[in-house]
file final-v5.pdb (PDB, C-alpha atoms, pLDDT in the B column)
ATOM      1  CA  MET A   1       0.000   0.000   0.000  1.00 64.00           C
ATOM      2  CA  SER A   2       1.248   3.427  -0.929  1.00 84.00           C
ATOM      3  CA  LEU A   3       1.829   6.084   1.744  1.00 88.00           C
ATOM      4  CA  LEU A   4       1.497   8.907  -0.773  1.00 92.00           C
ATOM      5  CA  SER A   5      -1.345   9.855  -3.100  1.00 94.00           C
ATOM      6  CA  GLU A   6      -0.697   9.347  -6.833  1.00 95.00           C
ATOM      7  CA  HIS A   7      -0.456  13.124  -7.189  1.00 96.00           C
ATOM      8  CA  ASP A   8       2.218  13.363  -4.482  1.00 95.00           C
ATOM      9  CA  ARG A   9       4.058  10.378  -5.938  1.00 96.00           C
ATOM     10  CA  GLN A  10       4.303  12.231  -9.252  1.00 97.00           C
ATOM     11  CA  VAL A  11       5.525  15.432  -7.562  1.00 97.00           C
ATOM     12  CA  VAL A  12       8.272  13.511  -5.746  1.00 97.00           C
ATOM     13  CA  ARG A  13       9.125  11.533  -8.904  1.00 97.00           C
ATOM     14  CA  ASP A  14       9.648  14.809 -10.813  1.00 97.00           C
ATOM     15  CA  HIS A  15      11.734  16.172  -7.958  1.00 96.00           C
ATOM     16  CA  LEU A  16      13.968  13.064  -7.921  1.00 98.00           C
ATOM     17  CA  ALA A  17      14.524  13.190 -11.703  1.00 97.00           C
ATOM     18  CA  ARG A  18      17.777  15.184 -11.156  1.00 97.00           C
ATOM     19  CA  ILE A  19      19.540  12.204  -9.602  1.00 97.00           C
ATOM     20  CA  GLN A  20      22.454  10.898 -11.670  1.00 98.00           C
ATOM     21  CA  HIS A  21      24.120   8.509  -9.216  1.00 98.00           C
ATOM     22  CA  ARG A  22      22.901   5.347  -7.545  1.00 98.00           C
ATOM     23  CA  VAL A  23      21.630   6.110  -4.052  1.00 98.00           C
ATOM     24  CA  THR A  24      21.534   3.291  -1.517  1.00 98.00           C
ATOM     25  CA  LEU A  25      19.531   3.746   1.661  1.00 98.00           C
ATOM     26  CA  LEU A  26      21.038   1.465   4.291  1.00 98.00           C
ATOM     27  CA  LEU A  27      18.416   0.827   6.943  1.00 98.00           C
ATOM     28  CA  PHE A  28      19.884  -0.435  10.220  1.00 98.00           C
ATOM     29  CA  THR A  29      17.281  -2.340  12.207  1.00 97.00           C
ATOM     30  CA  GLN A  30      16.845  -5.706  13.878  1.00 94.00           C
ATOM     31  CA  THR A  31      14.547  -8.690  13.376  1.00 90.00           C
ATOM     32  CA  ILE A  32      13.539  -9.317  16.973  1.00 89.00           C
ATOM     33  CA  GLY A  33      12.428  -6.483  19.215  1.00 89.00           C
ATOM     34  CA  ALA A  34      12.773  -3.748  16.609  1.00 89.00           C
ATOM     35  CA  PRO A  35      10.988  -0.511  17.487  1.00 90.00           C
ATOM     36  CA  GLU A  36       7.697   0.140  15.666  1.00 91.00           C
ATOM     37  CA  THR A  37       9.304   3.088  13.950  1.00 94.00           C
ATOM     38  CA  ALA A  38      11.681   0.717  12.141  1.00 95.00           C
ATOM     39  CA  LEU A  39       8.757  -0.708  10.170  1.00 94.00           C
ATOM     40  CA  MET A  40       7.537   2.802   9.432  1.00 94.00           C
ATOM     41  CA  ALA A  41      11.025   3.758   8.238  1.00 96.00           C
ATOM     42  CA  ARG A  42      11.100   0.720   5.930  1.00 96.00           C
ATOM     43  CA  GLN A  43       7.741   1.689   4.395  1.00 95.00           C
ATOM     44  CA  VAL A  44       8.906   5.264   3.794  1.00 96.00           C
ATOM     45  CA  LEU A  45      12.159   4.091   2.182  1.00 97.00           C
ATOM     46  CA  ASP A  46      10.389   1.518  -0.001  1.00 97.00           C
ATOM     47  CA  GLU A  47       7.989   4.201  -1.206  1.00 96.00           C
ATOM     48  CA  LEU A  48      10.917   6.466  -2.111  1.00 97.00           C
ATOM     49  CA  ALA A  49      12.749   3.656  -3.903  1.00 97.00           C
ATOM     50  CA  SER A  50       9.617   2.877  -5.938  1.00 97.00           C
ATOM     51  CA  LEU A  51       9.767   6.383  -7.425  1.00 97.00           C
ATOM     52  CA  ASN A  52      13.223   6.272  -9.005  1.00 98.00           C
ATOM     53  CA  ASP A  53      15.199   3.351 -10.460  1.00 98.00           C
ATOM     54  CA  LEU A  54      18.503   4.703  -9.083  1.00 98.00           C
ATOM     55  CA  ILE A  55      17.300   4.447  -5.476  1.00 98.00           C
ATOM     56  CA  ARG A  56      17.421   1.189  -3.589  1.00 98.00           C
ATOM     57  CA  VAL A  57      16.944   0.062   0.001  1.00 98.00           C
ATOM     58  CA  GLU A  58      19.186  -2.388   1.820  1.00 98.00           C
ATOM     59  CA  GLU A  59      18.320  -3.574   5.290  1.00 97.00           C
ATOM     60  CA  VAL A  60      21.224  -4.209   7.652  1.00 98.00           C
ATOM     61  CA  ASN A  61      20.761  -6.298  10.792  1.00 97.00           C
ATOM     62  CA  PHE A  62      22.080  -4.135  13.618  1.00 95.00           C
ATOM     63  CA  VAL A  63      22.527  -7.133  15.939  1.00 95.00           C
ATOM     64  CA  LEU A  64      24.113  -9.607  13.512  1.00 96.00           C
ATOM     65  CA  GLU A  65      26.133  -7.189  11.384  1.00 97.00           C
ATOM     66  CA  LYS A  66      28.008  -5.336  14.110  1.00 96.00           C
ATOM     67  CA  ASP A  67      30.965  -4.712  11.817  1.00 97.00           C
ATOM     68  CA  ARG A  68      28.814  -2.716   9.405  1.00 97.00           C
ATOM     69  CA  ALA A  69      27.194  -0.806  12.284  1.00 97.00           C
ATOM     70  CA  ALA A  70      30.690   0.072  13.505  1.00 97.00           C
ATOM     71  CA  GLN A  71      31.847   0.945   9.977  1.00 97.00           C
ATOM     72  CA  TYR A  72      29.116   3.575   9.694  1.00 97.00           C
ATOM     73  CA  GLY A  73      29.162   4.600  13.365  1.00 96.00           C
ATOM     74  CA  ILE A  74      25.593   3.457  14.031  1.00 97.00           C
ATOM     75  CA  ASP A  75      24.620   2.930  17.676  1.00 95.00           C
ATOM     76  CA  HIS A  76      20.837   3.492  17.589  1.00 96.00           C
ATOM     77  CA  ILE A  77      18.040   2.070  15.420  1.00 96.00           C
ATOM     78  CA  PRO A  78      16.258   2.641  13.188  1.00 97.00           C
ATOM     79  CA  ALA A  79      19.090   4.465  11.404  1.00 98.00           C
ATOM     80  CA  ILE A  80      19.416   5.333   7.733  1.00 98.00           C
ATOM     81  CA  VAL A  81      22.775   5.834   6.022  1.00 98.00           C
ATOM     82  CA  LEU A  82      22.856   7.326   2.523  1.00 98.00           C
ATOM     83  CA  LEU A  83      25.389   5.994   0.039  1.00 98.00           C
ATOM     84  CA  SER A  84      26.191   7.567  -3.325  1.00 98.00           C
ATOM     85  CA  ASP A  85      27.477   4.934  -5.772  1.00 97.00           C
ATOM     86  CA  ASP A  86      28.330   2.820  -2.691  1.00 96.00           C
ATOM     87  CA  THR A  87      30.358   5.634  -1.101  1.00 97.00           C
ATOM     88  CA  ASP A  88      29.300   6.916   2.321  1.00 98.00           C
ATOM     89  CA  THR A  89      27.864  10.446   2.014  1.00 98.00           C
ATOM     90  CA  ARG A  90      28.167  10.870   5.814  1.00 98.00           C
ATOM     91  CA  MET A  91      24.481  11.827   5.902  1.00 98.00           C
ATOM     92  CA  ARG A  92      22.328   9.896   8.358  1.00 98.00           C
ATOM     93  CA  PHE A  93      18.814   9.858   9.758  1.00 98.00           C
ATOM     94  CA  LEU A  94      17.939   8.470  13.171  1.00 97.00           C
ATOM     95  CA  GLY A  95      14.292   7.471  13.529  1.00 96.00           C
ATOM     96  CA  ALA A  96      11.483   7.161  11.001  1.00 94.00           C
ATOM     97  CA  PRO A  97      11.584  10.058   8.514  1.00 93.00           C
ATOM     98  CA  ALA A  98       7.859  10.826   8.694  1.00 88.00           C
ATOM     99  CA  GLY A  99       6.036  14.133   8.254  1.00 86.00           C
ATOM    100  CA  TYR A 100       8.362  17.024   7.417  1.00 87.00           C
ATOM    101  CA  GLU A 101      11.310  14.696   7.792  1.00 91.00           C
ATOM    102  CA  PHE A 102      10.179  12.929   4.647  1.00 93.00           C
ATOM    103  CA  MET A 103      10.952  16.176   2.790  1.00 94.00           C
ATOM    104  CA  SER A 104      14.386  16.322   4.438  1.00 95.00           C
ATOM    105  CA  LEU A 105      15.017  12.727   3.365  1.00 97.00           C
ATOM    106  CA  ILE A 106      14.086  13.547  -0.239  1.00 97.00           C
ATOM    107  CA  GLU A 107      16.505  16.495  -0.189  1.00 97.00           C
ATOM    108  CA  ALA A 108      19.231  14.272   1.275  1.00 98.00           C
ATOM    109  CA  VAL A 109      18.621  11.672  -1.456  1.00 98.00           C
ATOM    110  CA  ILE A 110      18.989  14.398  -4.088  1.00 98.00           C
ATOM    111  CA  LEU A 111      22.231  15.586  -2.460  1.00 98.00           C
ATOM    112  CA  ALA A 112      23.484  11.994  -2.486  1.00 98.00           C
ATOM    113  CA  GLY A 113      22.425  11.470  -6.100  1.00 98.00           C
ATOM    114  CA  THR A 114      24.022  14.641  -7.480  1.00 97.00           C
ATOM    115  CA  GLU A 115      27.431  16.341  -7.210  1.00 92.00           C
ATOM    116  CA  ASP A 116      26.023  19.618  -5.939  1.00 94.00           C
ATOM    117  CA  SER A 117      25.908  20.434  -2.201  1.00 95.00           C
ATOM    118  CA  GLN A 118      23.479  23.294  -3.039  1.00 96.00           C
ATOM    119  CA  LEU A 119      25.325  25.597  -0.624  1.00 97.00           C
ATOM    120  CA  ASP A 120      26.087  29.243  -1.382  1.00 97.00           C
ATOM    121  CA  PRO A 121      29.632  29.932  -2.695  1.00 97.00           C
ATOM    122  CA  GLN A 122      30.329  31.811   0.560  1.00 96.00           C
ATOM    123  CA  SER A 123      29.417  28.766   2.668  1.00 97.00           C
ATOM    124  CA  ARG A 124      31.562  26.489   0.510  1.00 97.00           C
ATOM    125  CA  ALA A 125      34.518  28.833   0.940  1.00 97.00           C
ATOM    126  CA  LEU A 126      34.063  28.935   4.741  1.00 97.00           C
ATOM    127  CA  ILE A 127      33.969  25.134   4.903  1.00 97.00           C
ATOM    128  CA  ALA A 128      36.987  24.720   2.623  1.00 97.00           C
ATOM    129  CA  ALA A 129      39.002  27.217   4.683  1.00 97.00           C
ATOM    130  CA  ASN A 130      38.005  26.080   8.168  1.00 97.00           C
ATOM    131  CA  VAL A 131      37.333  22.347   8.269  1.00 97.00           C
ATOM    132  CA  SER A 132      40.439  20.216   8.701  1.00 97.00           C
ATOM    133  CA  ALA A 133      39.306  17.862  11.474  1.00 97.00           C
ATOM    134  CA  PRO A 134      36.245  15.637  11.968  1.00 97.00           C
ATOM    135  CA  LEU A 135      33.030  17.561  12.567  1.00 97.00           C
ATOM    136  CA  GLU A 136      29.981  15.771  13.898  1.00 98.00           C
ATOM    137  CA  ILE A 137      26.741  17.674  13.290  1.00 98.00           C
ATOM    138  CA  GLN A 138      23.584  16.410  14.992  1.00 98.00           C
ATOM    139  CA  VAL A 139      20.293  18.095  14.171  1.00 97.00           C
ATOM    140  CA  PHE A 140      17.371  17.292  16.460  1.00 97.00           C
ATOM    141  CA  VAL A 141      13.975  17.591  14.797  1.00 96.00           C
ATOM    142  CA  THR A 142      10.376  16.507  15.237  1.00 91.00           C
ATOM    143  CA  PRO A 143       8.114  15.235  12.454  1.00 77.00           C
ATOM    144  CA  THR A 144       5.461  17.964  12.791  1.00 69.00           C
TER     145      THR A 144
ATOM    146  CA  MET B   1      27.704  20.470   4.600  1.00 96.00           C
ATOM    147  CA  ALA B   2      28.664  16.781   4.763  1.00 96.00           C
ATOM    148  CA  ARG B   3      28.563  16.827   0.961  1.00 95.00           C
ATOM    149  CA  GLU B   4      31.196  19.620   0.933  1.00 96.00           C
ATOM    150  CA  SER B   5      33.767  18.070   3.259  1.00 97.00           C
ATOM    151  CA  ALA B   6      34.822  14.489   3.929  1.00 97.00           C
ATOM    152  CA  HIS B   7      35.475  15.552   7.538  1.00 98.00           C
ATOM    153  CA  ILE B   8      31.825  16.372   8.164  1.00 98.00           C
ATOM    154  CA  ARG B   9      29.207  13.889   9.265  1.00 98.00           C
ATOM    155  CA  ALA B  10      25.599  15.039   9.600  1.00 98.00           C
ATOM    156  CA  THR B  11      22.834  13.175  11.410  1.00 98.00           C
ATOM    157  CA  CYS B  12      19.193  14.165  11.544  1.00 97.00           C
ATOM    158  CA  ILE B  13      17.686  12.824  14.779  1.00 97.00           C
ATOM    159  CA  GLU B  14      13.992  12.398  15.460  1.00 96.00           C
ATOM    160  CA  ALA B  15      13.974  13.907  18.957  1.00 95.00           C
ATOM    161  CA  THR B  16      10.837  12.238  20.337  1.00 94.00           C
ATOM    162  CA  GLU B  17      12.031   8.764  19.318  1.00 95.00           C
ATOM    163  CA  PHE B  18      15.405   9.166  21.023  1.00 96.00           C
ATOM    164  CA  MET B  19      14.595  10.769  24.335  1.00 95.00           C
ATOM    165  CA  ASP B  20      17.898   9.629  25.817  1.00 96.00           C
ATOM    166  CA  LEU B  21      19.855  11.607  23.212  1.00 96.00           C
ATOM    167  CA  SER B  22      17.454  14.547  23.557  1.00 96.00           C
ATOM    168  CA  ARG B  23      18.060  14.596  27.317  1.00 96.00           C
ATOM    169  CA  THR B  24      21.820  14.247  26.941  1.00 96.00           C
ATOM    170  CA  PHE B  25      21.936  17.269  24.649  1.00 95.00           C
ATOM    171  CA  ARG B  26      19.242  19.219  26.543  1.00 95.00           C
ATOM    172  CA  VAL B  27      16.916  19.508  23.570  1.00 95.00           C
ATOM    173  CA  THR B  28      14.147  21.869  24.690  1.00 93.00           C
ATOM    174  CA  GLY B  29      13.055  22.958  21.228  1.00 93.00           C
ATOM    175  CA  VAL B  30      13.601  22.027  17.585  1.00 94.00           C
ATOM    176  CA  PRO B  31      15.458  22.329  15.385  1.00 96.00           C
ATOM    177  CA  LYS B  32      18.421  22.074  17.719  1.00 97.00           C
ATOM    178  CA  THR B  33      21.880  21.499  16.286  1.00 97.00           C
ATOM    179  CA  VAL B  34      24.775  20.087  18.293  1.00 98.00           C
ATOM    180  CA  VAL B  35      28.313  20.184  16.874  1.00 98.00           C
ATOM    181  CA  ASN B  36      30.984  17.815  18.202  1.00 98.00           C
ATOM    182  CA  GLU B  37      28.789  17.399  21.277  1.00 96.00           C
ATOM    183  CA  SER B  38      29.748  20.904  22.410  1.00 95.00           C
ATOM    184  CA  ILE B  39      28.490  23.792  20.240  1.00 95.00           C
ATOM    185  CA  GLU B  40      24.700  24.165  20.540  1.00 96.00           C
ATOM    186  CA  ILE B  41      22.509  26.072  18.090  1.00 96.00           C
ATOM    187  CA  LEU B  42      18.802  26.466  18.790  1.00 95.00           C
ATOM    188  CA  GLY B  43      16.417  27.296  15.955  1.00 94.00           C
ATOM    189  CA  ALA B  44      16.815  27.715  12.227  1.00 93.00           C
ATOM    190  CA  LEU B  45      19.255  30.335  10.939  1.00 95.00           C
ATOM    191  CA  PRO B  46      20.027  31.809   7.522  1.00 96.00           C
ATOM    192  CA  GLU B  47      22.568  29.609   5.740  1.00 96.00           C
ATOM    193  CA  GLU B  48      25.729  31.670   6.213  1.00 95.00           C
ATOM    194  CA  MET B  49      25.007  32.352   9.898  1.00 96.00           C
ATOM    195  CA  PHE B  50      24.358  28.657  10.437  1.00 97.00           C
ATOM    196  CA  VAL B  51      27.591  27.616   8.700  1.00 97.00           C
ATOM    197  CA  ARG B  52      29.566  30.139  10.804  1.00 97.00           C
ATOM    198  CA  GLU B  53      28.003  28.887  14.032  1.00 97.00           C
ATOM    199  CA  VAL B  54      28.676  25.250  13.140  1.00 97.00           C
ATOM    200  CA  LEU B  55      32.298  26.067  12.333  1.00 97.00           C
ATOM    201  CA  GLY B  56      32.660  28.132  15.519  1.00 95.00           C
ATOM    202  CA  LEU B  57      33.492  31.286  13.539  1.00 95.00           C
ATOM    203  CA  PRO B  58      32.628  34.843  14.584  1.00 90.00           C
ATOM    204  CA  GLU B  59      29.627  36.486  12.967  1.00 84.00           C
ATOM    205  CA  ALA B  60      30.235  38.167   9.657  1.00 79.00           C
ATOM    206  CA  GLU B  61      30.574  41.942   9.860  1.00 74.00           C
ATOM    207  CA  SER B  62      27.226  43.453   9.023  1.00 68.00           C
ATOM    208  CA  PRO B  63      27.130  45.187   5.663  1.00 63.00           C
ATOM    209  CA  PRO B  64      27.222  48.998   5.807  1.00 62.00           C
ATOM    210  CA  GLU B  65      23.855  50.715   6.024  1.00 62.00           C
ATOM    211  CA  ALA B  66      22.491  51.586   2.597  1.00 54.00           C
TER     212      ALA B  66
END
call {"tool": "encode", "arguments": {"input": "final-v5.pdb", "output": "structure tokens"}}
result
Amino acid sequence: MSLLSEHDRQVVRDHLARIQHRVTLLLFTQTIGAPETALMARQVLDELASLNDLIRVEEVNFVLEKDRAAQYGIDHIPAIVLLSDDTDTRMRFLGAPAGYEFMSLIEAVILAGTEDSQLDPQSRALIAANVSAPLEIQVFVTPT
Amino acid sequence: MARESAHIRATCIEATEFMDLSRTFRVTGVPKTVVNESIEILGALPEEMFVREVLGLPEAESPPEA
């Protein structure tokens, strides 16, 4: 069953048409005792993947595949890691991307599927000049 | 920003689902941004101001009055 109306599916499909690279959505969850939101996250990701052939979903078992969880620095579930042509984009979502977060996920997929960070030239220059060590940015949001 | 620099990792966290993290970082409103578990930014800012805050840079000098 689709989460979006056919009209909304077409709007998102048009929006995703800019993607040029394969985007893999790694969903870290677990089989037994997974939070309800993990199922919701899976449904959202499947819906997104159904709208563009370059997008695919891969579920990773957080309990059994500890090496992959460590590789991507995942310590909570559900977690989504975005890969661009199998390369880590270092963009992640913790929790089900519902409500407004669905829009943020779409934007993140477009960032992963294109070369363009969409930042102003000034911002790019500041980052290039000032970032020489790991920077961990966590943005807390709510779906409504 | 993560797309601009290989040093940057960005995580969007659903605050109500991860109350433990929300408590740890004293999330009292959203959006709240935490950088390297130390710099805290509450609310949405214009892009350049946000980038400066994240990078721990001083505010840009305001343009001269027109």
call {"tool": "residues_near_point", "arguments": {"input": "final-v5.pdb", "point": "(12.4, 14.9, 20.7)", "cutoff": "9 Å", "atoms": "only C-alpha atoms", "output": "mmCIF file with C-alpha atoms, in the coordinates of the input"}}
result
data_model
loop_
_atom_site.group_PDB
_atom_site.id
_atom_site.type_symbol
_atom_site.label_atom_id
_atom_site.label_comp_id
_atom_site.auth_asym_id
_atom_site.auth_seq_id
_atom_site.Cartn_x
_atom_site.Cartn_y
_atom_site.Cartn_z
ATOM 1 C CA PHE A 140 17.371 17.292 16.460
ATOM 2 C CA VAL A 141 13.975 17.591 14.797
ATOM 3 C CA THR A 142 10.376 16.507 15.237
ATOM 4 C CA ILE B 13 17.686 12.824 14.779
ATOM 5 C CA GLU B 14 13.992 12.398 15.460
ATOM 6 C CA ALA B 15 13.974 13.907 18.957
ATOM 7 C CA THR B 16 10.837 12.238 20.337
ATOM 8 C CA GLU B 17 12.031 8.764 19.318
ATOM 9 C CA PHE B 18 15.405 9.166 21.023
ATOM 10 C CA MET B 19 14.595 10.769 24.335
ATOM 11 C CA LEU B 21 19.855 11.607 23.212
ATOM 12 C CA SER B 22 17.454 14.547 23.557
ATOM 13 C CA ARG B 23 18.060 14.596 27.317
ATOM 14 C CA VAL B 27 16.916 19.508 23.570
ATOM 15 C CA THR B 28 14.147 21.869 24.690
ATOM 16 C CA GLY B 29 13.055 22.958 21.228
ATOM 17 C CA VAL B 30 13.601 22.027 17.585
#
call {"tool": "resolve_selection", "arguments": {"input": "final-v5.pdb", "expression": "the PyMOL selection byres ((chain B) within 7 of (chain A))", "output": "number ranges by chain"}}
result
B: 2-4, 7-17, 30-36, 48, 51
call {"tool": "atom_distance", "arguments": {"input": "final-v5.pdb", "atom1": "atom CA of B:Glu40", "atom2": "atom CA of B:Met1"}}
result
16.6 Å
call {"tool": "closest_residue", "arguments": {"input": "final-v5.pdb", "among": "A:Asp14, A:Phe28, A:Leu83, A:Asn52", "to": "A:Asp67", "atoms": "all atoms listed in the file"}}
result
A:Phe28
call {"tool": "residues_around", "arguments": {"input": "final-v5.pdb", "residues": "A:Asn61", "least_positions_apart": "2", "cutoff": "8 Å", "atoms": "only C-alpha atoms", "output": "ChimeraX atom specification"}}
result
/A:28-31,59,63-65
call {"tool": "axis_aligned_box", "arguments": {"input": "final-v5.pdb", "around": "stretch 119-135 of chain A", "padding_each_side": "6 Å", "output": "lines of an AutoDock Vina configuration file"}}
result
center_x = 32.9
center_y = 23.7
center_z = 4.9
size_x = 27.1
size_y = 28.2
size_z = 27.3
call {"tool": "atom_distance", "arguments": {"input": "final-v5.pdb", "atom1": "atom CA of A:Arg13", "atom2": "atom CA of A:Leu27"}}
result
21.3 Å
call {"tool": "atom_distance", "arguments": {"input": "final-v5.pdb", "atom1": "atom CA of A:Ile55", "atom2": "atom CA of A:Ala69"}}
result
21.0 Å
call {"tool": "resolve_selection", "arguments": {"input": "final-v5.pdb", "expression": "the PyMOL selection byres ((chain B and resi 54) around 8)", "output": "list in words"}}
result
Ile137 of chain A; Val35, Ile39, Ile41, Phe50, Val51, Arg52, Glu53, Leu55, Gly56 and Leu57 of chain B
call {"tool": "write_last_selection", "arguments": {"input": "final-v5.pdb", "atoms": "C-alpha atoms", "output": "PDB file, in the coordinates of the input"}}
result
ATOM      1  CA  ILE A 137      26.741  17.674  13.290  1.00 98.00           C
TER       2      ILE A 137
ATOM      3  CA  VAL B  35      28.313  20.184  16.874  1.00 98.00           C
ATOM      4  CA  ILE B  39      28.490  23.792  20.240  1.00 95.00           C
ATOM      5  CA  ILE B  41      22.509  26.072  18.090  1.00 96.00           C
ATOM      6  CA  PHE B  50      24.358  28.657  10.437  1.00 97.00           C
ATOM      7  CA  VAL B  51      27.591  27.616   8.700  1.00 97.00           C
ATOM      8  CA  ARG B  52      29.566  30.139  10.804  1.00 97.00           C
ATOM      9  CA  GLU B  53      28.003  28.887  14.032  1.00 97.00           C
ATOM     10  CA  LEU B  55      32.298  26.067  12.333  1.00 97.00           C
ATOM     11  CA  GLY B  56      32.660  28.132  15.519  1.00 95.00           C
ATOM     12  CA  LEU B  57      33.492  31.286  13.539  1.00 95.00           C
TER      13      LEU B  57
END
call {"tool": "build_atoms", "arguments": {"input": "final-v5.pdb", "residues": "stretch 77-92 of chain A", "atoms": "N, CA and C atoms", "output": "PDB file, in the coordinates of the input"}}
result
ATOM      1  N   ILE A  77      18.884   2.442  16.562  1.00 96.00           N
ATOM      2  CA  ILE A  77      18.040   2.070  15.420  1.00 96.00           C
ATOM      3  C   ILE A  77      16.619   2.583  15.644  1.00 96.00           C
ATOM      4  N   PRO A  78      15.834   2.780  14.575  1.00 97.00           N
ATOM      5  CA  PRO A  78      16.258   2.641  13.188  1.00 97.00           C
ATOM      6  C   PRO A  78      17.178   3.792  12.761  1.00 97.00           C
ATOM      7  N   ALA A  79      18.183   3.464  11.947  1.00 98.00           N
ATOM      8  CA  ALA A  79      19.090   4.465  11.404  1.00 98.00           C
ATOM      9  C   ALA A  79      19.187   4.268   9.901  1.00 98.00           C
ATOM     10  N   ILE A  80      19.294   5.385   9.188  1.00 98.00           N
ATOM     11  CA  ILE A  80      19.416   5.333   7.733  1.00 98.00           C
ATOM     12  C   ILE A  80      20.729   5.997   7.334  1.00 98.00           C
ATOM     13  N   VAL A  81      21.521   5.299   6.540  1.00 98.00           N
ATOM     14  CA  VAL A  81      22.775   5.834   6.022  1.00 98.00           C
ATOM     15  C   VAL A  81      22.626   5.966   4.515  1.00 98.00           C
ATOM     16  N   LEU A  82      22.982   7.129   3.969  1.00 98.00           N
ATOM     17  CA  LEU A  82      22.856   7.326   2.523  1.00 98.00           C
ATOM     18  C   LEU A  82      24.197   7.114   1.835  1.00 98.00           C
ATOM     19  N   LEU A  83      24.196   6.232   0.829  1.00 98.00           N
ATOM     20  CA  LEU A  83      25.389   5.994   0.039  1.00 98.00           C
ATOM     21  C   LEU A  83      25.172   6.541  -1.373  1.00 98.00           C
ATOM     22  N   SER A  84      26.237   7.096  -1.948  1.00 98.00           N
ATOM     23  CA  SER A  84      26.191   7.567  -3.325  1.00 98.00           C
ATOM     24  C   SER A  84      27.153   6.700  -4.117  1.00 98.00           C
ATOM     25  N   ASP A  85      26.638   5.909  -5.051  1.00 97.00           N
ATOM     26  CA  ASP A  85      27.477   4.934  -5.772  1.00 97.00           C
ATOM     27  C   ASP A  85      28.320   4.124  -4.781  1.00 97.00           C
ATOM     28  N   ASP A  86      27.717   3.659  -3.726  1.00 96.00           N
ATOM     29  CA  ASP A  86      28.330   2.820  -2.691  1.00 96.00           C
ATOM     30  C   ASP A  86      29.298   3.552  -1.760  1.00 96.00           C
ATOM     31  N   THR A  87      29.477   4.860  -1.982  1.00 97.00           N
ATOM     32  CA  THR A  87      30.358   5.634  -1.101  1.00 97.00           C
ATOM     33  C   THR A  87      29.522   6.327  -0.024  1.00 97.00           C
ATOM     34  N   ASP A  88      30.005   6.294   1.208  1.00 98.00           N
ATOM     35  CA  ASP A  88      29.300   6.916   2.321  1.00 98.00           C
ATOM     36  C   ASP A  88      29.226   8.434   2.108  1.00 98.00           C
ATOM     37  N   THR A  89      28.015   8.987   2.149  1.00 98.00           N
ATOM     38  CA  THR A  89      27.864  10.446   2.014  1.00 98.00           C
ATOM     39  C   THR A  89      28.004  11.144   3.365  1.00 98.00           C
ATOM     40  N   ARG A  90      28.100  10.363   4.437  1.00 98.00           N
ATOM     41  CA  ARG A  90      28.167  10.870   5.814  1.00 98.00           C
ATOM     42  C   ARG A  90      26.883  11.614   6.196  1.00 98.00           C
ATOM     43  N   MET A  91      25.797  11.298   5.514  1.00 98.00           N
ATOM     44  CA  MET A  91      24.481  11.827   5.902  1.00 98.00           C
ATOM     45  C   MET A  91      23.686  10.672   6.501  1.00 98.00           C
ATOM     46  N   ARG A  92      23.096  10.923   7.666  1.00 98.00           N
ATOM     47  CA  ARG A  92      22.328   9.896   8.358  1.00 98.00           C
ATOM     48  C   ARG A  92      21.019  10.444   8.906  1.00 98.00           C
TER      49      ARG A  92
END
